[in-house]
Every structure is written in structure tokens, then in C-alpha cells.
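Engineer: Sending over coords_3.cif (mmCIF, C-alpha atoms).
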data_data
#
loop_
_atom_site.label_atom_id
_atom_site.label_comp_id
_atom_site.auth_asym_id
_atom_site.auth_seq_id
_atom_site.Cartn_x
_atom_site.Cartn_y
_atom_site.Cartn_z
CA MET A 299 -12.26 -9.43 59.04
CA ALA A 300 -10.95 -8.59 55.53
CA PRO A 301 -12.37 -10.36 52.48
CA PRO A 302 -10.09 -12.98 50.89
CA PRO A 303 -7.92 -11.72 48.01
CA GLN A 304 -9.22 -12.28 44.52
CA VAL A 305 -7.28 -15.10 42.88
CA SER A 306 -8.81 -15.14 39.42
CA ILE A 307 -8.02 -12.61 36.71
CA PRO A 308 -11.16 -10.89 35.42
CA TRP A 309 -11.93 -11.26 31.71
CA PHE A 310 -13.24 -8.20 29.90
CA PRO A 311 -14.57 -8.04 26.35
CA GLU A 312 -12.66 -6.00 23.80
CA GLY A 313 -13.20 -2.29 24.34
CA ARG A 314 -14.70 -2.81 27.79
CA GLN A 315 -11.50 -2.97 29.81
CA PRO A 316 -11.58 -0.90 32.97
CA LEU A 317 -9.66 2.36 32.79
CA PRO A 318 -7.10 3.36 35.41
CA PRO A 319 -8.89 4.80 38.46
CA ASP A 320 -6.75 7.94 38.60
CA TRP A 321 -7.85 9.18 35.16
CA THR A 322 -9.95 12.33 34.99
CA ASP A 323 -13.21 12.50 33.06
CA GLU A 324 -11.46 14.44 30.30
CA GLU A 325 -8.80 11.72 29.93
CA ARG A 326 -11.49 9.04 29.80
CA GLN A 327 -13.35 10.97 27.09
CA ASN A 328 -10.13 11.48 25.09
CA TRP A 329 -9.40 7.77 25.35
CA ALA A 330 -12.89 6.88 24.09
CA THR A 331 -12.55 9.34 21.19
CA ASN A 332 -9.16 7.91 20.24
CA GLN A 333 -10.62 4.39 20.27
CA LYS A 334 -13.43 5.45 17.90
CA ILE A 335 -11.02 7.19 15.52
CA SER A 336 -8.72 4.18 15.60
CA LYS A 337 -11.61 1.89 14.71
CA TYR A 338 -12.68 4.12 11.80
CA PHE A 339 -9.14 4.25 10.41
CA GLY A 340 -8.91 0.46 10.73
CA PHE A 341 -12.10 0.08 8.67
CA ALA A 342 -10.84 2.59 6.11
CA MET A 343 -7.50 0.80 5.72
CA GLU A 344 -9.29 -2.48 5.05
CA SER A 345 -11.41 -1.08 2.22
CA CYS A 346 -10.44 -1.91 -1.34
CA MET A 347 -10.91 1.69 -2.44
CA THR A 348 -8.35 2.96 0.08
CA LYS A 349 -5.87 0.22 -0.79
CA THR A 350 -6.24 0.98 -4.49
CA LEU A 351 -5.84 4.72 -4.00
CA MET A 352 -2.76 4.25 -1.81
CA ALA A 353 -1.17 1.82 -4.27
CA GLY A 354 -1.77 4.24 -7.14
CA VAL A 355 -0.33 7.24 -5.31
CA VAL A 356 2.68 5.38 -3.92
CA GLY A 357 3.27 3.71 -7.30
CA THR A 358 3.26 7.09 -9.00
CA GLY A 359 5.82 8.41 -6.53
CA VAL A 360 8.06 5.36 -6.83
CA GLY A 361 7.88 5.44 -10.62
CA ALA A 362 8.80 9.12 -10.69
CA ALA A 363 11.72 8.49 -8.32
CA PHE A 364 12.96 5.58 -10.48
CA SER A 365 12.76 7.76 -13.57
CA LEU A 366 14.65 10.57 -11.87
CA MET A 367 17.32 8.13 -10.70
CA GLY A 368 17.57 6.64 -14.18
CA THR A 369 17.99 10.01 -15.85
CA THR A 370 20.97 10.86 -13.67
CA PHE A 371 22.83 8.04 -15.41
CA SER A 372 21.84 9.10 -18.91
CA TYR A 373 24.49 9.88 -21.49
CA GLU A 374 23.06 13.30 -22.31
CA ALA A 375 23.20 14.44 -18.70
CA ALA A 376 26.88 13.62 -18.42
CA TYR A 377 28.15 14.86 -21.78
CA GLY A 378 25.52 17.28 -23.08
CA THR A 379 26.20 20.95 -23.57
CA HIS A 380 24.83 22.81 -20.58
CA THR A 381 23.65 26.26 -21.39
CA GLU A 382 20.72 27.90 -19.68
CA GLN A 383 18.39 27.02 -22.54
CA THR A 384 19.40 23.36 -22.72
CA THR A 385 19.21 23.04 -18.93
CA LYS A 386 15.63 24.32 -18.94
CA ALA A 387 14.75 21.95 -21.75
CA TRP A 388 16.46 19.07 -19.94
CA PHE A 389 14.48 19.70 -16.74
CA ARG A 390 11.24 20.01 -18.69
CA ASP A 391 11.98 16.75 -20.49
CA GLN A 392 12.88 14.97 -17.26
CA GLY A 393 9.65 16.18 -15.65
CA ARG A 394 7.67 14.70 -18.53
CA LYS A 395 9.57 11.41 -18.27
CA MET A 396 9.05 11.29 -14.51
CA TRP A 397 5.31 11.85 -14.93
CA ARG A 398 5.03 9.23 -17.67
CA THR A 399 6.93 6.57 -15.71
CA GLY A 400 5.17 7.46 -12.47
CA ARG A 401 1.77 7.25 -14.13
CA SER A 402 2.62 3.77 -15.47
CA PHE A 403 3.80 2.52 -12.08
CA GLY A 404 0.71 3.99 -10.42
CA LYS A 405 -1.59 2.33 -12.94
CA VAL A 406 0.02 -1.08 -12.43
CA GLY A 407 -0.08 -0.72 -8.64
CA ALA A 408 -3.70 0.42 -8.58
CA ILE A 409 -4.93 -2.33 -10.92
CA TYR A 410 -3.06 -5.05 -9.03
CA SER A 411 -4.15 -3.78 -5.63
CA ALA A 412 -7.79 -3.51 -6.69
CA THR A 413 -7.99 -6.95 -8.28
CA GLU A 414 -6.17 -8.66 -5.42
CA CYS A 415 -8.35 -6.94 -2.82
CA VAL A 416 -11.60 -7.74 -4.64
CA ILE A 417 -10.58 -11.39 -5.00
CA GLU A 418 -9.63 -11.55 -1.32
CA SER A 419 -12.94 -9.95 -0.32
CA TYR A 420 -14.91 -12.32 -2.55
CA ARG A 421 -13.12 -15.45 -1.32
CA ALA A 422 -12.96 -14.27 2.31
CA LYS A 423 -9.53 -15.87 2.60
CA ASN A 424 -6.03 -14.47 2.79
CA ASP A 425 -3.82 -17.05 1.11
CA MET A 426 -1.41 -17.51 -1.77
CA TYR A 427 -4.11 -17.76 -4.46
CA ASN A 428 -5.29 -14.14 -4.11
CA PRO A 429 -2.05 -12.42 -5.22
CA VAL A 430 -1.48 -14.98 -7.97
CA ALA A 431 -4.99 -14.54 -9.35
CA GLY A 432 -4.73 -10.77 -8.96
CA GLY A 433 -1.41 -10.85 -10.78
CA PHE A 434 -2.85 -12.92 -13.61
CA ILE A 435 -5.78 -10.56 -14.09
CA THR A 436 -3.52 -7.49 -13.88
CA GLY A 437 -1.07 -8.88 -16.43
CA ALA A 438 -3.91 -9.76 -18.78
CA ILE A 439 -5.46 -6.30 -18.44
CA LEU A 440 -2.14 -4.56 -19.09
CA ALA A 441 -1.42 -6.67 -22.20
CA ARG A 442 -4.98 -6.76 -23.58
CA ASN A 443 -4.28 -4.39 -26.49
CA SER A 444 -1.66 -6.74 -27.94
CA GLY A 445 -4.06 -9.61 -28.49
CA PRO A 446 -5.24 -12.70 -26.62
CA THR A 447 -1.90 -14.54 -26.74
CA ALA A 448 -0.07 -11.56 -25.29
CA ALA A 449 -2.79 -11.11 -22.66
CA LEU A 450 -2.41 -14.75 -21.62
CA GLY A 451 1.38 -14.45 -21.58
CA GLY A 452 1.24 -11.19 -19.62
CA GLY A 453 -1.15 -12.74 -17.15
CA VAL A 454 1.06 -15.79 -16.61
CA ALA A 455 4.20 -13.67 -16.27
CA PHE A 456 2.62 -11.24 -13.81
CA ALA A 457 1.12 -14.14 -11.83
CA ALA A 458 4.53 -15.80 -11.60
CA PHE A 459 6.12 -12.53 -10.50
CA SER A 460 3.38 -12.02 -7.90
CA ALA A 461 3.87 -15.55 -6.61
CA ALA A 462 7.63 -15.06 -6.34
CA ILE A 463 7.22 -11.78 -4.45
CA GLU A 464 4.57 -13.30 -2.16
CA LEU A 465 6.78 -16.31 -1.40
CA PHE A 466 9.71 -14.00 -0.68
CA LEU A 467 7.68 -11.76 1.63
CA HIS A 468 6.05 -14.62 3.55
CA ARG A 469 8.99 -16.97 3.82
CA GLU A 470 9.97 -18.56 7.12
CA THR A 471 13.05 -16.93 8.57
#
What would you get if you wrote out this structure as C-alpha cells?
Structural biologist:
Amino acid sequence: MAPPPQVSIPWFPEGRQPLPPDWTDEERQNWATNQKISKYFGFAMESCMTKTLMAGVVGTGVGAAFSLMGTTFSYEAAYGTHTEQTTKAWFRDQGRKMWRTGRSFGKVGAIYSATECVIESYRAKNDMYNPVAGGFITGAILARNSGPTAALGGGVAFAAFSAAIELFLHRET
């Protein structure tokens, strides 16, 4: 006589699910290696250092792209005299402007990302206060050379901007 069919669904802890029976040993080993690599990348992406580095690099690229886009609309590009010498000088100048703008965007992105991540790690919460506090600190740091009033104003303005962006990104649709 055959045993009765199993009616309950087995519960397996995370990472301990049974693999398909038709997999070879090589496929099982590849799967285990992929799981380990996936876990390491997950840990790396959650670290504040990685988030800061990514924000700085992406910010630099976005700032350079904005600068390049802005220079295409400049008056000199449309009506300047274009000889070989002035074209070389124009490209050299645009490269400098792209680097300067990109560096500024990267600095803002890295500072904001670092402060927001550190605050989130310290509080162990992911809520609306982290980006607002990170924005306030970032604005104050960026405006610190202009005096305490400007630092306070920069902090409030950046915090308000961070709150507006956060509300926009996490709105109910």
C-alpha cells in the first residue's frame, strides 16, 4: 500500500531550500558560489563607503553632462569664429568647465550620501528624518565658509530640498 500524499508544504530556512533533483554537482556548486557572491555584493551595497563612492562618481558624471549640455546653448558656441585654433581652445575650455561642474556635483552627492547613510546607520531607522537631517548637515557644510548665518540658511534650504525630493520619490501613487 502506498503512503498517503503529503498535504503540508515544507518550510525551509533562507538559503536552505532544496535544489532541483536533476541538477548536477557542478550546477549545485555554481549555484552555491553565486549565492555567496550575491550576499557579498549585498553587504557591499549597504556600506556607507560604497554609497558615498557611488554618489561621488555618478554626481561627477552627471555634473559633467549638465555642463556639456549647457555649453551647447552658449552664445560663443553659436556665434563665435571657428578656426582650428579657437576650436581647440573652445574644447579645452569646455573640458575644464565640465571637470569643475562635475567635481562640484560629485562633492555635493558624496557629502549628502555619506551624512544620510551615517545618520541612518546610527539611528537604525529608514524614515523621513534621515534625508532631512543629512540635507541640513550637507547644506551647512557646503556654506560653512560664508559664515554661521549662511551655514544655517544653506542647511535649512538643503534640508527643505531633500524633504521635497524624498516626499516626491516616496509618494503614494
Engineer: Can you tell me, as a JSON list (two decimals) with C-alpha atoms, in the coordinates of the input, what residues are no more than 10 Å from Met352 (chain A) when counting all atoms listed in the file, ignoring any on the same chain fewer than 5 positions away?
Structural biologist:
[["chain", "number", "residue", "atom", "x", "y", "z"],
["A", 343, "MET", "CA", -7.50, 0.80, 5.72],
["A", 346, "CYS", "CA", -10.44, -1.91, -1.34],
["A", 347, "MET", "CA", -10.91, 1.69, -2.44],
["A", 357, "GLY", "CA", 3.27, 3.71, -7.30],
["A", 358, "THR", "CA", 3.26, 7.09, -9.00],
["A", 404, "GLY", "CA", 0.71, 3.99, -10.42],
["A", 407, "GLY", "CA", -0.08, -0.72, -8.64],
["A", 408, "ALA", "CA", -3.70, 0.42, -8.58],
["A", 411, "SER", "CA", -4.15, -3.78, -5.63]]
Engineer: Pull out every residue that the PyMOL selection byres ((chain A and resi 450-462) around 6) matches in the shown coordinates and put them as a PyMOL selection string.
Structural biologist: chain A and resi 430+433-435+437-438+441+447-449+463-465
Engineer: Just how far from CA of Ser365 (chain A) is CA of Trp397 (chain A), in Å to one decimal?
Structural biologist: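 So the two atoms, CA of Trp397 (chain A) and CA of Ser365 (chain A), lie 8.6 Å apart.
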Engineer: Taking all atoms of region 335-346 of chain A that the file lists and extending 6 Å past them on each side, where is the centre of the axis-aligned box and how long are its edges? Answer in Å to one decimal, as AutoDock Vina command-line options.
Structural biologist:
--center_x -10.1 --center_y 2.4 --center_z 7.1 --size_x 17.2 --size_y 21.7 --size_z 28.9
Engineer: Rounded to one decimal in Å, what is the spacing between CA of Phe466 (chain A) and CA of Asn428 (chain A)?
Structural biologist: 15.4 Å
Engineer: A:Cys415, A:Ile335, A:Val406, A:Met426: which is nearest Lys349 (chain A), counting all atoms listed in the file?
Structural biologist: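 Nearest candidate to Lys349 (chain A) out of A:Cys415, A:Ile335, A:Val406, A:Met426: A:Cys415.
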Engineer: Taking only C-alpha atoms into account, name the residue in A:Gly359, A:His468, A:Ala330, A:Gly445 that is nearest to Asp425 (chain A).
Structural biologist: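 Residue with the minimum atom-to-atom distance to Asp425 (chain A): A:His468.
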Engineer: For Ile439 (chain A), which residue out of A:Met396, A:Ala353, A:Ile409, A:Ala387 is the nearest one, using all atoms listed in the file?
Structural biologist: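 Of A:Met396, A:Ala353, A:Ile409, A:Ala387, the one nearest Ile439 (chain A) is A:Ile409, counting all atoms listed in the file.
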Engineer: Separation of CA of Arg401 (chain A) and CA of Phe371 (chain A), in Å?
Structural biologist: 21.1 Å
